[in-house]
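A.B. asks: Please find data-v3.tsv (TSV, C-alpha atoms) on the next line:
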```
chain	number	residue	atom	x	y	z
C	1	MET	CA	-1.83	-19.12	-63.70
C	2	LYS	CA	-1.08	-20.66	-60.33
C	3	SER	CA	2.35	-22.07	-59.58
C	4	ASP	CA	3.00	-25.29	-57.75
C	5	VAL	CA	2.25	-25.09	-54.04
C	6	ILE	CA	5.43	-25.48	-52.00
C	7	HIS	CA	5.21	-26.74	-48.42
C	8	THR	CA	7.50	-24.79	-46.13
C	9	ALA	CA	8.26	-24.86	-42.42
C	10	SER	CA	9.96	-22.77	-39.76
C	11	ASP	CA	12.84	-25.29	-39.70
C	12	GLY	CA	13.74	-24.18	-43.26
C	13	THR	CA	12.07	-27.06	-45.09
C	14	GLY	CA	10.86	-26.01	-48.55
C	15	ILE	CA	12.46	-22.55	-48.58
C	16	VAL	CA	14.94	-23.39	-51.37
C	17	GLU	CA	12.13	-24.99	-53.39
C	18	ALA	CA	9.94	-21.89	-52.94
C	19	LEU	CA	12.73	-19.65	-54.25
C	20	LYS	CA	13.23	-21.98	-57.23
C	21	GLN	CA	9.48	-21.77	-57.85
C	22	ALA	CA	9.72	-17.95	-57.97
C	23	GLU	CA	12.56	-18.22	-60.48
C	24	ALA	CA	10.53	-20.66	-62.60
C	25	VAL	CA	7.54	-18.31	-62.62
C	26	ALA	CA	9.82	-15.45	-63.72
C	27	VAL	CA	11.10	-17.55	-66.62
C	28	TYR	CA	7.59	-18.76	-67.56
C	29	LYS	CA	6.25	-15.18	-67.56
C	30	ALA	CA	9.36	-13.91	-69.42
C	31	LEU	CA	10.16	-11.26	-66.82
C	32	SER	CA	13.12	-8.98	-67.47
C	33	GLY	CA	16.27	-9.53	-65.39
C	34	LYS	CA	15.41	-6.74	-62.93
C	35	ASP	CA	11.80	-7.88	-62.56
C	36	ALA	CA	12.90	-11.50	-62.08
C	37	ILE	CA	15.26	-10.36	-59.30
C	38	HIS	CA	12.46	-8.36	-57.68
C	39	LEU	CA	10.14	-11.39	-57.73
C	40	ARG	CA	12.84	-13.54	-56.12
C	41	LEU	CA	13.58	-10.86	-53.49
C	42	LEU	CA	9.90	-10.72	-52.54
C	43	ALA	CA	9.84	-14.51	-52.28
C	44	GLU	CA	13.03	-14.47	-50.16
C	45	GLU	CA	11.61	-11.90	-47.74
C	46	MET	CA	8.32	-13.77	-47.46
C	47	THR	CA	9.81	-17.22	-46.95
C	48	GLY	CA	12.53	-15.85	-44.68
C	49	MET	CA	9.79	-14.71	-42.36
C	50	ILE	CA	8.68	-18.32	-41.90
C	51	LYS	CA	12.07	-19.23	-40.40
C	52	ALA	CA	11.82	-16.25	-38.03
C	53	LEU	CA	8.38	-17.17	-36.67
C	54	THR	CA	8.21	-18.71	-33.23
C	55	GLY	CA	7.03	-22.28	-32.94
C	56	GLU	CA	6.80	-25.11	-35.40
C	57	LEU	CA	4.98	-23.40	-38.22
C	58	ALA	CA	4.10	-25.17	-41.46
C	59	ALA	CA	2.92	-23.08	-44.41
C	60	GLU	CA	2.17	-23.23	-48.10
C	61	PHE	CA	3.80	-20.86	-50.61
C	62	TRP	CA	2.64	-20.24	-54.17
C	63	ILE	CA	2.45	-17.52	-56.81
C	64	GLU	CA	-0.60	-16.56	-58.85
C	65	THR	CA	-0.45	-14.38	-61.95
C	66	VAL	CA	-3.06	-12.63	-64.06
C	67	GLY	CA	-1.57	-10.55	-66.85
C	68	ASP	CA	1.09	-8.31	-65.32
C	69	ARG	CA	-0.18	-8.79	-61.73
C	70	PHE	CA	1.70	-11.23	-59.51
C	71	GLU	CA	0.56	-12.38	-56.08
C	72	LEU	CA	2.88	-14.25	-53.73
C	73	HIS	CA	0.90	-16.23	-51.15
C	74	LEU	CA	1.94	-17.68	-47.80
C	75	ARG	CA	-0.84	-19.53	-45.99
C	76	THR	CA	-0.90	-21.49	-42.76
C	77	ASP	CA	-3.48	-23.27	-40.70
C	78	THR	CA	-3.28	-22.60	-37.00
C	79	GLU	CA	-1.15	-25.43	-35.67
C	80	MET	CA	0.64	-23.83	-32.71
C	81	ASN	CA	-1.40	-23.86	-29.52
C	82	PRO	CA	-1.75	-20.70	-27.41
C	83	ASP	CA	0.01	-22.24	-24.39
C	84	LYS	CA	3.09	-23.09	-26.43
C	85	ARG	CA	3.16	-19.61	-27.97
C	86	GLN	CA	2.82	-18.02	-24.52
C	87	ARG	CA	5.67	-20.16	-23.12
C	88	LEU	CA	7.93	-19.16	-26.03
C	89	LEU	CA	7.15	-15.48	-25.65
C	90	ALA	CA	7.54	-15.62	-21.86
C	91	VAL	CA	11.29	-16.12	-22.23
C	92	THR	CA	11.68	-12.81	-24.06
C	93	THR	CA	12.50	-9.64	-22.14
C	94	SER	CA	9.36	-7.84	-23.24
C	95	GLY	CA	7.05	-10.86	-23.26
C	96	LYS	CA	6.27	-10.00	-26.89
C	97	ASN	CA	7.57	-11.19	-30.22
C	98	SER	CA	10.41	-8.91	-31.25
C	99	ALA	CA	9.67	-7.22	-34.55
C	100	SER	CA	12.61	-5.52	-36.18
C	101	GLY	CA	12.01	-3.40	-39.23
C	102	PHE	CA	9.07	-3.44	-41.56
C	103	MET	CA	8.99	-7.21	-42.21
C	104	GLY	CA	9.09	-7.72	-38.44
C	105	LYS	CA	5.87	-5.73	-38.22
C	106	VAL	CA	4.34	-7.82	-41.03
C	107	ARG	CA	5.49	-10.96	-39.18
C	108	SER	CA	3.86	-9.67	-36.00
C	109	ALA	CA	0.59	-9.05	-37.83
C	110	PHE	CA	0.76	-12.56	-39.30
C	111	GLU	CA	1.48	-14.09	-35.87
C	112	ALA	CA	-1.31	-12.05	-34.28
C	113	ALA	CA	-3.73	-13.37	-36.88
C	114	VAL	CA	-2.61	-16.95	-36.17
C	115	SER	CA	-2.94	-16.31	-32.44
C	116	ALA	CA	-6.42	-14.83	-32.86
C	117	MET	CA	-7.50	-17.92	-34.80
C	118	GLU	CA	-6.12	-20.15	-32.04
C	119	ARG	CA	-8.10	-18.24	-29.42
C	120	GLY	CA	-11.27	-18.42	-31.50
C	121	TYR	CA	-11.46	-14.67	-32.20
C	122	ALA	CA	-11.86	-15.05	-35.95
C	123	ASP	CA	-15.56	-15.73	-35.70
C	124	SER	CA	-16.20	-12.80	-33.38
C	125	VAL	CA	-14.20	-10.20	-35.31
C	126	GLY	CA	-14.94	-11.22	-38.87
C	127	ALA	CA	-12.21	-11.58	-41.47
C	128	GLY	CA	-9.08	-10.92	-39.45
C	129	LEU	CA	-9.61	-7.58	-37.78
C	130	ILE	CA	-6.04	-7.07	-36.60
C	131	ASP	CA	-3.81	-3.95	-36.83
C	132	PRO	CA	-0.02	-3.95	-37.49
C	133	ASN	CA	0.69	-4.19	-33.76
C	134	GLY	CA	-1.51	-7.25	-33.37
C	135	ASN	CA	-4.44	-5.45	-31.79
C	136	ILE	CA	-7.85	-6.90	-32.58
C	137	GLY	CA	-10.38	-4.42	-33.94
C	138	PHE	CA	-8.98	-3.08	-37.21
C	139	ALA	CA	-9.58	-4.22	-40.78
C	140	ASP	CA	-7.15	-6.61	-42.46
C	141	TRP	CA	-3.55	-5.39	-42.26
C	142	THR	CA	-2.33	-3.87	-45.54
C	143	LEU	CA	0.79	-2.05	-46.69
C	144	THR	CA	-1.37	0.77	-48.03
C	145	LYS	CA	-2.92	1.43	-44.61
C	146	TYR	CA	0.47	1.14	-42.93
C	147	ARG	CA	2.02	3.65	-45.36
C	148	GLN	CA	-0.81	6.11	-44.68
C	149	ASN	CA	-0.29	5.97	-40.91
C	150	ALA	CA	3.50	5.51	-40.63
C	151	LYS	CA	5.35	8.25	-38.75
C	152	GLY	CA	8.89	8.81	-37.51
C	153	GLU	CA	10.69	5.54	-36.84
C	154	GLU	CA	7.97	3.51	-38.59
C	155	TRP	CA	8.44	5.62	-41.74
C	156	ASP	CA	12.22	5.15	-41.57
C	157	GLU	CA	11.75	1.35	-41.33
C	158	LEU	CA	9.34	1.48	-44.25
C	159	GLU	CA	11.86	3.42	-46.36
C	160	ARG	CA	14.58	0.82	-45.67
C	161	SER	CA	12.39	-2.20	-46.37
C	162	ILE	CA	13.00	-4.15	-49.57
C	163	VAL	CA	9.42	-5.36	-49.59
C	164	ALA	CA	7.93	-1.90	-49.02
C	165	LYS	CA	10.00	-0.50	-51.89
C	166	ILE	CA	9.21	-3.28	-54.36
C	167	ALA	CA	5.70	-4.49	-53.49
C	168	ASP	CA	2.54	-2.71	-54.57
C	169	GLU	CA	0.59	-4.16	-51.64
C	170	VAL	CA	1.06	-6.52	-48.71
C	171	LYS	CA	-1.93	-8.04	-46.93
C	172	VAL	CA	-2.30	-10.22	-43.85
C	173	CYS	CA	-5.76	-11.66	-43.32
C	174	ILE	CA	-7.78	-14.53	-41.92
C	175	LYS	CA	-9.77	-16.70	-44.30
C	176	GLY	CA	-11.77	-19.46	-42.68
C	177	SER	CA	-9.35	-21.47	-40.56
C	178	SER	CA	-6.29	-20.09	-42.34
C	179	VAL	CA	-4.04	-17.06	-41.97
C	180	GLU	CA	-2.63	-15.76	-45.22
C	181	MET	CA	-0.09	-13.17	-46.32
C	182	ILE	CA	-0.30	-11.90	-49.89
C	183	ILE	CA	2.32	-9.72	-51.57
C	184	GLU	CA	1.08	-8.08	-54.78
C	185	LYS	CA	3.29	-6.66	-57.54
C	186	ARG	CA	2.68	-5.58	-61.12
C	187	PHE	CA	5.54	-6.18	-63.56
```
Could you rewrite the structure in this file as structure tokens?

C.D. replies:
Amino acid sequence: MKSDVIHTASDGTGIVEALKQAEAVAVYKALSGKDAIHLRLLAEEMTGMIKALTGELAAEFWIETVGDRFELHLRTDTEMNPDKRQRLLAVTTSGKNSASGFMGKVRSAFEAAVSAMERGYADSVGAGLIDPNGNIGFADWTLTKYRQNAKGEEWDELERSIVAKIADEVKVCIKGSSVEMIIEKRF
């Protein structure tokens, strides 16, 4: 089953509708109260990231289910140009997008994938070869790989993250001209 596709934007457009869609999927799939809350929390974290992204980002949100496996999807086409992104990041102290906590790192990976698409790197590196820090040259970013390599402060952030505790897997990848984040969970 695939839910309705909800159009969201960094200005907050569509976020409420996306959360209502998650609640509707929970009812349709007869999830228990706790599982329904977990699905909504994952949707909140994912859509909340859209508001935190720099630039005028438009994305699509939907949920796909097969049996007890749920996938929350957030997909965007590369609409922000590299010059605009660079100007926005130039006003920060570090010149980089600030990533706080685990979802900040996921957001950075998502932004790096969008940026790579804008610069035309997708063709040269295959299907989104970007690590959690936005470096080109690694396979698609996944929660599993991040968990395996997390140390010290990264591990502490991972332990505090709602998404890392609830989700079975988180992926950020490039598909054609799109960048997509997928959160997987079995209920």

A.B. asks: Which value, in Å to one decimal, gives the distance between atom CA of Ser10 of chain C and atom CA of Glu44 of chain C?

C.D. replies: 13.7 Å

A.B. asks: For Glu17 of chain C, which residue out of C:Ala43, C:Ile183, C:Met1, C:Leu31 is the nearest one, using all atoms listed in the file?

C.D. replies: C:Ala43

A.B. asks: Figure out the distance between atom CA of Lys34 of chain C and atom CA of Phe61 of chain C, please, to one decimal in Å.

C.D. replies: 22.0 Å

A.B. asks: For Val25 of chain C, which residue among C:Lys2, C:Lys145, C:His7, C:Lys51 is the nearest when counting only C-alpha atoms?

C.D. replies: C:Lys2

A.B. asks: Working from the structure I just supplied, which lacks atoms in segment 11-22 of chain C, can you model all heavy atoms there and output them as a CSV table (one decimal), in the coordinates of the input?

C.D. replies:
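result-v1.csv was written with the following content:
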```csv
chain,number,residue,atom,x,y,z
C,11,ASP,N,11.5,-24.7,-39.8
C,11,ASP,CA,12.8,-25.3,-39.7
C,11,ASP,C,13.6,-25.1,-41.0
C,11,ASP,O,14.7,-25.6,-41.1
C,11,ASP,CB,12.7,-26.8,-39.3
C,11,ASP,CG,12.1,-27.6,-40.4
C,11,ASP,OD1,11.7,-27.1,-41.5
C,11,ASP,OD2,12.0,-28.9,-40.2
C,12,GLY,N,13.1,-24.4,-42.0
C,12,GLY,CA,13.7,-24.2,-43.3
C,12,GLY,C,13.3,-25.1,-44.4
C,12,GLY,O,13.7,-24.9,-45.6
C,13,THR,N,12.5,-26.1,-44.1
C,13,THR,CA,12.1,-27.1,-45.1
C,13,THR,C,11.3,-26.3,-46.2
C,13,THR,O,10.4,-25.5,-45.9
C,13,THR,CB,11.1,-28.1,-44.5
C,13,THR,OG1,11.9,-28.8,-43.4
C,13,THR,CG2,10.7,-29.1,-45.5
C,14,GLY,N,11.6,-26.6,-47.4
C,14,GLY,CA,10.9,-26.0,-48.6
C,14,GLY,C,11.2,-24.6,-49.0
C,14,GLY,O,10.8,-24.1,-50.0
C,15,ILE,N,12.1,-23.9,-48.2
C,15,ILE,CA,12.5,-22.6,-48.6
C,15,ILE,C,13.2,-22.5,-49.9
C,15,ILE,O,12.9,-21.7,-50.8
C,15,ILE,CB,13.3,-21.9,-47.5
C,15,ILE,CG1,12.6,-21.9,-46.1
C,15,ILE,CG2,13.7,-20.5,-47.9
C,15,ILE,CD1,11.3,-21.1,-46.0
C,16,VAL,N,14.2,-23.4,-50.1
C,16,VAL,CA,14.9,-23.4,-51.4
C,16,VAL,C,14.0,-23.7,-52.5
C,16,VAL,O,14.1,-23.1,-53.6
C,16,VAL,CB,16.1,-24.4,-51.3
C,16,VAL,CG1,16.7,-24.6,-52.7
C,16,VAL,CG2,17.1,-24.0,-50.3
C,17,GLU,N,13.1,-24.6,-52.3
C,17,GLU,CA,12.1,-25.0,-53.4
C,17,GLU,C,11.2,-23.8,-53.7
C,17,GLU,O,10.9,-23.6,-54.9
C,17,GLU,CB,11.3,-26.2,-53.0
C,17,GLU,CG,12.1,-27.5,-52.9
C,17,GLU,CD,12.9,-27.7,-51.6
C,17,GLU,OE1,12.8,-26.8,-50.7
C,17,GLU,OE2,13.6,-28.7,-51.5
C,18,ALA,N,10.8,-23.1,-52.7
C,18,ALA,CA,9.9,-21.9,-52.9
C,18,ALA,C,10.7,-20.8,-53.8
C,18,ALA,O,10.1,-20.2,-54.7
C,18,ALA,CB,9.5,-21.3,-51.6
C,19,LEU,N,11.9,-20.6,-53.5
C,19,LEU,CA,12.7,-19.6,-54.2
C,19,LEU,C,12.9,-20.1,-55.7
C,19,LEU,O,12.9,-19.3,-56.6
C,19,LEU,CB,14.1,-19.4,-53.6
C,19,LEU,CG,14.0,-18.8,-52.2
C,19,LEU,CD1,15.4,-18.6,-51.6
C,19,LEU,CD2,13.2,-17.5,-52.2
C,20,LYS,N,13.1,-21.4,-55.9
C,20,LYS,CA,13.2,-22.0,-57.2
C,20,LYS,C,11.9,-21.8,-58.0
C,20,LYS,O,11.9,-21.6,-59.2
C,20,LYS,CB,13.6,-23.5,-57.2
C,20,LYS,CG,15.1,-23.7,-56.8
C,20,LYS,CD,15.5,-25.1,-56.8
C,20,LYS,CE,16.9,-25.3,-56.4
C,20,LYS,NZ,17.3,-26.7,-56.3
C,21,GLN,N,10.8,-21.9,-57.2
C,21,GLN,CA,9.5,-21.8,-57.8
C,21,GLN,C,9.3,-20.3,-58.3
C,21,GLN,O,8.8,-20.1,-59.4
C,21,GLN,CB,8.4,-22.1,-56.8
C,21,GLN,CG,7.0,-22.1,-57.4
C,21,GLN,CD,6.8,-23.3,-58.4
C,21,GLN,OE1,7.3,-24.4,-58.2
C,21,GLN,NE2,6.2,-23.0,-59.5
C,22,ALA,N,9.8,-19.4,-57.6
C,22,ALA,CA,9.7,-18.0,-58.0
C,22,ALA,C,10.5,-17.7,-59.2
C,22,ALA,O,10.1,-17.0,-60.2
C,22,ALA,CB,10.2,-17.0,-56.8
```
